[in-house]
$ cat model_1.csv   # CSV, C-alpha atoms
chain,number,residue,atom,x,y,z
Q,1,MET,CA,2.0,-21.2,5.8
Q,2,ASP,CA,1.2,-19.5,9.1
Q,3,GLN,CA,0.8,-15.8,8.3
Q,4,THR,CA,2.1,-14.7,11.8
Q,5,ALA,CA,5.7,-14.3,10.5
Q,6,PHE,CA,4.6,-12.1,7.6
Q,7,LEU,CA,2.3,-9.9,9.7
Q,8,LEU,CA,5.1,-9.6,12.3
Q,9,GLY,CA,7.5,-8.6,9.5
Q,10,PHE,CA,5.1,-6.0,8.2
Q,11,ALA,CA,4.7,-4.5,11.7
Q,12,ILE,CA,8.4,-4.5,12.5
Q,13,MET,CA,9.4,-3.0,9.1
Q,14,SER,CA,6.7,-0.3,9.2
Q,15,LEU,CA,7.6,0.9,12.7
Q,16,ALA,CA,11.3,0.7,11.9
Q,17,SER,CA,10.9,2.9,8.8
Q,18,LEU,CA,9.3,5.6,10.9
Q,19,ALA,CA,11.9,5.2,13.7
Q,20,ILE,CA,14.9,5.4,11.3
Q,21,TYR,CA,13.6,8.5,9.7
Q,22,ALA,CA,12.6,10.1,13.0
Q,23,THR,CA,15.9,9.5,14.7
Q,24,GLY,CA,18.2,10.1,11.7
Q,25,LYS,CA,20.0,13.2,10.6
Q,26,LYS,CA,18.0,15.3,8.1
Q,27,THR,CA,20.8,17.7,6.9
Q,28,PRO,CA,24.1,17.2,5.0
Q,29,PRO,CA,26.4,15.5,5.0
Q,30,SER,CA,24.5,12.5,6.2
Q,31,GLY,CA,20.8,13.4,5.5
Q,32,HIS,CA,20.7,11.3,2.3
Q,33,HIS,CA,21.7,8.2,4.3
Q,34,THR,CA,18.6,8.7,6.5
Q,35,LEU,CA,16.4,8.8,3.4
Q,36,LEU,CA,18.0,5.7,2.0
Q,37,HIS,CA,17.9,3.6,5.1
Q,38,SER,CA,14.3,4.6,6.1
Q,39,SER,CA,13.0,3.7,2.7
Q,40,VAL,CA,14.4,0.1,2.9
Q,41,PRO,CA,12.2,-1.2,5.7
Q,42,PHE,CA,9.2,0.6,4.2
Q,43,ILE,CA,9.6,-1.3,0.9
Q,44,ALA,CA,10.1,-4.5,2.9
Q,45,ALA,CA,6.9,-3.8,4.9
Q,46,THR,CA,5.1,-3.7,1.5
Q,47,ALA,CA,6.5,-7.1,0.5
Q,48,TYR,CA,5.6,-8.7,3.9
Q,49,LEU,CA,2.0,-7.3,3.6
Q,50,ALA,CA,1.7,-8.8,0.1
Q,51,MET,CA,3.0,-12.2,1.4
Q,52,ALA,CA,0.6,-12.1,4.3
Q,53,PHE,CA,-2.3,-11.9,1.8
Q,54,GLY,CA,-0.7,-14.5,-0.4
Q,55,ILE,CA,-0.1,-12.1,-3.2
Q,56,GLY,CA,2.7,-13.2,-5.5
Q,57,THR,CA,3.0,-16.6,-3.8
Q,58,LEU,CA,3.5,-19.4,-6.4
Q,59,LEU,CA,3.0,-23.0,-5.5
Q,60,LYS,CA,5.1,-25.4,-7.5
Q,61,VAL,CA,4.1,-29.0,-8.4
Q,62,ASP,CA,6.2,-30.4,-5.6
Q,63,GLY,CA,4.1,-28.3,-3.1
Q,64,SER,CA,6.8,-25.8,-2.2
Q,65,ALA,CA,6.1,-22.1,-2.3
Q,66,VAL,CA,8.0,-19.4,-4.0
Q,67,TYR,CA,7.4,-15.9,-2.6
Q,68,VAL,CA,7.9,-13.6,-5.6
Q,69,ALA,CA,7.2,-10.5,-3.5
Q,70,ARG,CA,10.3,-11.3,-1.5
Q,71,TYR,CA,12.5,-11.2,-4.6
Q,72,LEU,CA,10.9,-8.0,-5.7
Q,73,ASP,CA,11.7,-6.5,-2.3
Q,74,TRP,CA,15.3,-7.6,-2.5
Q,75,SER,CA,15.7,-6.3,-6.1
Q,76,VAL,CA,14.9,-2.8,-4.8
Q,77,THR,CA,16.2,-2.8,-1.2
Q,78,THR,CA,19.6,-4.3,-1.7
Q,79,PRO,CA,20.5,-1.8,-4.5
Q,80,ILE,CA,19.6,1.0,-2.0
Q,81,LEU,CA,21.8,-0.5,0.7
Q,82,LEU,CA,24.6,-0.8,-1.8
Q,83,ALA,CA,24.1,2.8,-2.9
Q,84,GLY,CA,24.6,3.9,0.7
Q,85,LEU,CA,27.9,2.0,0.8
Q,86,VAL,CA,29.1,3.5,-2.5
Q,87,LEU,CA,28.2,7.0,-1.4
Q,88,LEU,CA,30.1,6.4,1.8
Q,89,ALA,CA,33.1,5.1,-0.1
Q,90,PHE,CA,33.3,8.3,-2.1
Q,91,HIS,CA,31.8,10.6,0.5
Q,92,GLU,CA,30.9,13.6,-1.6
Q,93,GLN,CA,34.1,13.3,-3.6
Q,94,GLY,CA,35.0,11.6,-6.9
Q,95,ARG,CA,33.9,12.5,-10.4
Q,96,THR,CA,30.3,12.0,-11.5
Q,97,GLY,CA,31.3,9.3,-14.0
Q,98,GLU,CA,33.4,7.4,-11.5
Q,99,VAL,CA,30.6,7.3,-8.9
Q,100,GLY,CA,28.0,6.6,-11.5
Q,101,GLY,CA,30.0,3.8,-13.0
Q,102,HIS,CA,30.5,2.0,-9.7
Q,103,LEU,CA,26.8,2.5,-8.8
Q,104,THR,CA,25.7,1.1,-12.1
Q,105,ALA,CA,28.0,-1.9,-12.1
Q,106,ILE,CA,27.2,-3.0,-8.6
Q,107,ILE,CA,23.5,-2.5,-8.9
Q,108,VAL,CA,23.3,-4.4,-12.2
Q,109,LEU,CA,25.2,-7.3,-10.7
Q,110,ASP,CA,23.0,-7.2,-7.5
Q,111,VAL,CA,19.8,-7.2,-9.5
Q,112,LEU,CA,21.2,-10.0,-11.7
Q,113,MET,CA,21.9,-12.0,-8.5
Q,114,ILE,CA,18.3,-11.6,-7.3
Q,115,VAL,CA,16.7,-12.4,-10.7
Q,116,THR,CA,18.8,-15.5,-11.2
Q,117,GLY,CA,18.0,-16.6,-7.7
Q,118,LEU,CA,14.3,-16.3,-8.5
Q,119,VAL,CA,14.9,-18.3,-11.7
Q,120,SER,CA,16.6,-21.0,-9.6
Q,121,ALA,CA,13.7,-21.1,-7.2
Q,122,LEU,CA,11.2,-21.5,-10.0
Q,123,ALA,CA,13.1,-24.1,-12.0
Q,124,GLY,CA,12.0,-27.7,-11.8
Q,125,PRO,CA,14.8,-29.9,-13.1
Q,126,PRO,CA,17.6,-30.1,-10.6
Q,127,LEU,CA,20.4,-29.4,-13.2
Q,128,ILE,CA,18.7,-26.2,-14.3
Q,129,LYS,CA,18.0,-25.1,-10.7
Q,130,TRP,CA,21.6,-25.5,-9.6
Q,131,VAL,CA,23.1,-24.0,-12.7
Q,132,TRP,CA,21.1,-20.8,-12.0
Q,133,TYR,CA,21.9,-21.0,-8.3
Q,134,ALA,CA,25.6,-21.1,-9.1
Q,135,TRP,CA,25.3,-18.2,-11.5
Q,136,SER,CA,23.5,-16.2,-8.8
Q,137,CYS,CA,26.4,-17.0,-6.5
Q,138,VAL,CA,28.8,-15.8,-9.1
Q,139,ALA,CA,27.0,-12.4,-9.3
Q,140,PHE,CA,27.0,-12.2,-5.5
Q,141,LEU,CA,30.8,-12.8,-5.4
Q,142,SER,CA,31.2,-10.1,-8.1
Q,143,VAL,CA,29.3,-7.6,-5.9
Q,144,LEU,CA,31.5,-8.5,-2.9
Q,145,TYR,CA,34.6,-8.0,-5.1
Q,146,LEU,CA,33.6,-4.5,-6.0
Q,147,LEU,CA,32.7,-3.7,-2.3
Q,148,TRP,CA,35.9,-5.2,-0.8
Q,149,GLY,CA,38.2,-4.3,-3.7
Q,150,PRO,CA,38.0,-0.9,-5.5
Q,151,LEU,CA,35.3,0.6,-3.4
Q,152,ARG,CA,37.0,-0.2,-0.1
Q,153,ALA,CA,40.2,1.4,-1.6
Q,154,LYS,CA,38.2,4.6,-2.3
Q,155,ALA,CA,36.8,4.6,1.2
Q,156,VAL,CA,40.3,4.3,2.8
Q,157,GLU,CA,41.4,7.3,0.6
Q,158,ARG,CA,38.8,9.4,2.4
Q,159,GLY,CA,40.7,8.9,5.7
Q,160,ALA,CA,40.9,6.6,8.6
Q,161,ALA,CA,37.6,7.6,10.1
Q,162,LEU,CA,35.5,7.2,7.0
Q,163,GLY,CA,37.4,4.2,5.9
Q,164,GLY,CA,36.8,2.6,9.2
Q,165,ALA,CA,33.1,3.3,9.1
Q,166,TYR,CA,32.9,1.8,5.6
Q,167,ASN,CA,34.7,-1.3,6.8
Q,168,LYS,CA,32.4,-1.8,9.8
Q,169,ASN,CA,29.3,-1.3,7.7
Q,170,LEU,CA,30.5,-3.6,4.9
Q,171,ALA,CA,31.6,-6.4,7.3
Q,172,PHE,CA,28.1,-6.3,9.0
Q,173,LEU,CA,26.2,-6.6,5.7
Q,174,THR,CA,28.6,-9.2,4.3
Q,175,VAL,CA,28.1,-11.6,7.2
Q,176,ILE,CA,24.3,-11.2,7.0
Q,177,TRP,CA,24.1,-11.4,3.3
Q,178,PHE,CA,26.1,-14.6,3.2
Q,179,LEU,CA,23.3,-16.3,5.2
Q,180,TYR,CA,20.7,-15.8,2.5
Q,181,PRO,CA,22.1,-18.2,-0.1
Q,182,ILE,CA,22.7,-20.7,2.7
Q,183,VAL,CA,19.1,-20.6,3.8
Q,184,PHE,CA,18.1,-20.9,0.1
Q,185,LEU,CA,20.3,-23.9,-0.3
Q,186,VAL,CA,18.9,-25.8,2.7
Q,187,GLY,CA,15.3,-24.4,2.4
Q,188,PRO,CA,12.3,-25.6,0.4
Q,189,GLU,CA,13.5,-23.9,-2.7
Q,190,GLY,CA,16.8,-25.8,-2.5
Q,191,LEU,CA,17.6,-29.1,-0.8
Q,192,LYS,CA,14.5,-29.0,1.4
Q,193,ILE,CA,16.4,-29.8,4.6
Q,194,ILE,CA,14.4,-27.2,6.6
Q,195,SER,CA,10.7,-26.6,6.3
Q,196,ASP,CA,9.0,-23.6,4.7
Q,197,PRO,CA,7.9,-22.0,8.1
Q,198,ALA,CA,11.5,-22.4,9.4
Q,199,SER,CA,12.8,-20.8,6.2
Q,200,VAL,CA,10.3,-17.9,6.5
Q,201,TRP,CA,11.2,-17.2,10.1
Q,202,ALA,CA,15.0,-17.4,9.3
Q,203,ILE,CA,14.6,-14.9,6.5
Q,204,LEU,CA,12.5,-12.6,8.7
Q,205,ILE,CA,15.3,-12.5,11.3
Q,206,MET,CA,17.9,-11.9,8.6
Q,207,ASP,CA,15.8,-9.1,7.0
Q,208,VAL,CA,15.4,-7.4,10.4
Q,209,LEU,CA,19.2,-7.5,10.9
Q,210,ALA,CA,20.0,-6.4,7.3
Q,211,LYS,CA,17.4,-3.7,7.0
Q,212,VAL,CA,16.7,-2.4,10.5
Q,213,VAL,CA,19.6,-3.2,12.9
Q,214,TYR,CA,22.0,-2.3,10.1
Q,215,ALA,CA,20.4,1.1,9.5
Q,216,PHE,CA,21.0,2.2,13.1
Q,217,TYR,CA,24.4,0.6,13.2
Q,218,ALA,CA,25.5,2.3,10.0
Q,219,ALA,CA,24.1,5.6,11.1
Q,220,SER,CA,26.0,5.4,14.3
Q,221,ASN,CA,29.3,4.5,12.6
Q,222,LEU,CA,28.8,7.3,10.0
Q,223,GLU,CA,28.1,10.0,12.6
Q,224,LYS,CA,31.2,9.1,14.6
Q,225,ALA,CA,33.3,9.0,11.5
Q,226,LEU,CA,32.1,12.4,10.3
Q,227,ALA,CA,32.9,13.9,13.7
Q,228,GLN,CA,36.4,12.4,13.7
Q,229,HIS,CA,36.8,13.4,10.1
Q,230,ALA,CA,35.9,17.0,10.9
Q,231,ASP,CA,38.2,17.1,13.9
Q,232,SER,CA,41.1,15.8,11.7
Q,233,ARG,CA,40.4,18.6,9.3
Q,234,GLY,CA,40.0,21.2,12.0
Q,235,ASP,CA,36.4,22.1,11.0
Q,236,ARG,CA,32.8,21.1,11.7
Q,237,TRP,CA,30.1,20.1,9.4

$ encode --input "model_1.csv" --output "structure tokens"
Amino acid sequence: MDQTAFLLGFAIMSLASLAIYATGKKTPPSGHHTLLHSSVPFIAATAYLAMAFGIGTLLKVDGSAVYVARYLDWSVTTPILLAGLVLLAFHEQGRTGEVGGHLTAIIVLDVLMIVTGLVSALAGPPLIKWVWYAWSCVAFLSVLYLLWGPLRAKAVERGAALGGAYNKNLAFLTVIWFLYPIVFLVGPEGLKIISDPASVWAILIMDVLAKVVYAFYAASNLEKALAQHADSRGDRW
């Protein structure tokens, strides 16, 4: 595998982490979102550096590569992104148990989705591979149900401004996240329709969209929503 994509990913994610933190709000009520979103590309940069050095890369008997570092990255970064959405949905309201319950459920399902995806990638027999792939998709759909169902309802309760910001952020992530199982399906870990380099470059682009572009997009939506929310209440943060 040409290491160019991995080194480029490391460079983009490293610089993006600094940029997100430098330009983001540091004080309440949105300071915690800056911390969350700046940590995501930093973790991704670590994974791309590992893949550039071949650390955690497993070669299967059919010659295809499984990048374990990528799955470790996703198992940490996607829960952080989900935590940002959950916190936006409740926006400093809601009982501790209610917020904690939603966070726990959605993160457990998300990590289960990543782990079962890795099992599918490592599996040899086709039947076993596709059973685990299907189970990973079930976990993914469960995550989407929580995001678009009960959590979206909570966000709407916060008002039109915050509900709108939640809907925009969620729609952006949903579209990007739907591409990952598709690339897995047609890539070397699945049906082998596209080559390993093509898969790596595709995932790099999706990672940049989901971890970098989304961070700036979400921050912009949040700041606008907070301003509108404050105006509607007749106060300022």

$ closest_residue --input "model_1.csv" --among "Q:Pro125, Q:Phe90, Q:Leu85, Q:Gly187" --to "Q:Leu147" --atoms "all atoms listed in the file"
Q:Leu85

$ closest_residue --input "model_1.csv" --among "Q:Thr34, Q:Glu157, Q:Val186, Q:Leu204" --to "Q:Ala47" --atoms "only C-alpha atoms"
Q:Leu204

$ residues_around --input "model_1.csv" --residues "Q:Val213" --least-positions-apart "4" --cutoff "12 Å" --atoms "only C-alpha atoms" --output "list in words"
Ile12, Met13, Ala16, Ser17, Ala19, Ile20, His37, Ser38, Val40, Pro41, Asn169, Phe172, Leu173, Ile176, Ile205, Met206, Asp207, Val208, Leu209, Tyr217, Ala218, Ala219 and Ser220 of chain Q

$ residues_around --input "model_1.csv" --residues "Q:Trp74" --least-positions-apart "6" --cutoff "9 Å" --atoms "all atoms listed in the file" --output "number ranges by chain"
Q: 44, 111, 114

$ closest_residue --input "model_1.csv" --among "Q:Leu141, Q:Ser75, Q:Leu122, Q:Val183" --to "Q:Thr57" --atoms "all atoms listed in the file"
Q:Leu122

$ atom_distance --input "model_1.csv" --atom1 "atom CA of Q:Ala161" --atom2 "atom CA of Q:Leu226"
7.3 Å

$ closest_residue --input "model_1.csv" --among "Q:Leu118, Q:Lys129, Q:Leu88, Q:Thr96" --to "Q:Gly164" --atoms "all atoms listed in the file"
Q:Leu88

$ atom_distance --input "model_1.csv" --atom1 "atom CA of Q:Lys26" --atom2 "atom CA of Q:Trp148"
28.6 Å

$ build_atoms --input "model_1.csv" --residues "stretch 95-110 of chain Q" --atoms "N, CA and C atoms" --output "short mmCIF file (atom, residue, chain, number, x, y, z; two decimals), in the coordinates of the input"
data_model
loop_
_atom_site.label_atom_id
_atom_site.label_comp_id
_atom_site.auth_asym_id
_atom_site.auth_seq_id
_atom_site.Cartn_x
_atom_site.Cartn_y
_atom_site.Cartn_z
N ARG Q 95 34.57 11.94 -9.22
CA ARG Q 95 33.90 12.50 -10.40
C ARG Q 95 32.56 11.78 -10.61
N THR Q 96 31.65 12.51 -11.23
CA THR Q 96 30.30 12.00 -11.50
C THR Q 96 30.35 10.65 -12.20
N GLY Q 97 31.17 10.58 -13.24
CA GLY Q 97 31.30 9.30 -14.00
C GLY Q 97 31.81 8.19 -13.21
N GLU Q 98 32.76 8.49 -12.33
CA GLU Q 98 33.40 7.40 -11.50
C GLU Q 98 32.35 6.89 -10.52
N VAL Q 99 31.65 7.78 -9.83
CA VAL Q 99 30.60 7.30 -8.90
C VAL Q 99 29.51 6.61 -9.59
N GLY Q 100 29.04 7.19 -10.70
CA GLY Q 100 28.00 6.60 -11.50
C GLY Q 100 28.33 5.23 -12.03
N GLY Q 101 29.59 5.09 -12.45
CA GLY Q 101 30.00 3.80 -13.00
C GLY Q 101 30.03 2.71 -11.96
N HIS Q 102 30.52 3.02 -10.77
CA HIS Q 102 30.50 2.00 -9.70
C HIS Q 102 29.10 1.69 -9.27
N LEU Q 103 28.24 2.71 -9.15
CA LEU Q 103 26.80 2.50 -8.80
C LEU Q 103 26.15 1.57 -9.79
N THR Q 104 26.32 1.90 -11.06
CA THR Q 104 25.70 1.10 -12.10
C THR Q 104 26.13 -0.32 -12.12
N ALA Q 105 27.44 -0.52 -12.07
CA ALA Q 105 28.00 -1.90 -12.10
C ALA Q 105 27.50 -2.73 -10.96
N ILE Q 106 27.57 -2.17 -9.76
CA ILE Q 106 27.20 -3.00 -8.60
C ILE Q 106 25.74 -3.24 -8.48
N ILE Q 107 24.92 -2.27 -8.91
CA ILE Q 107 23.50 -2.50 -8.90
C ILE Q 107 23.03 -3.48 -9.93
N VAL Q 108 23.62 -3.41 -11.11
CA VAL Q 108 23.30 -4.40 -12.20
C VAL Q 108 23.63 -5.80 -11.71
N LEU Q 109 24.82 -5.96 -11.14
CA LEU Q 109 25.20 -7.30 -10.70
C LEU Q 109 24.30 -7.76 -9.53
N ASP Q 110 23.92 -6.85 -8.67
CA ASP Q 110 23.00 -7.20 -7.50
C ASP Q 110 21.67 -7.65 -8.04
#
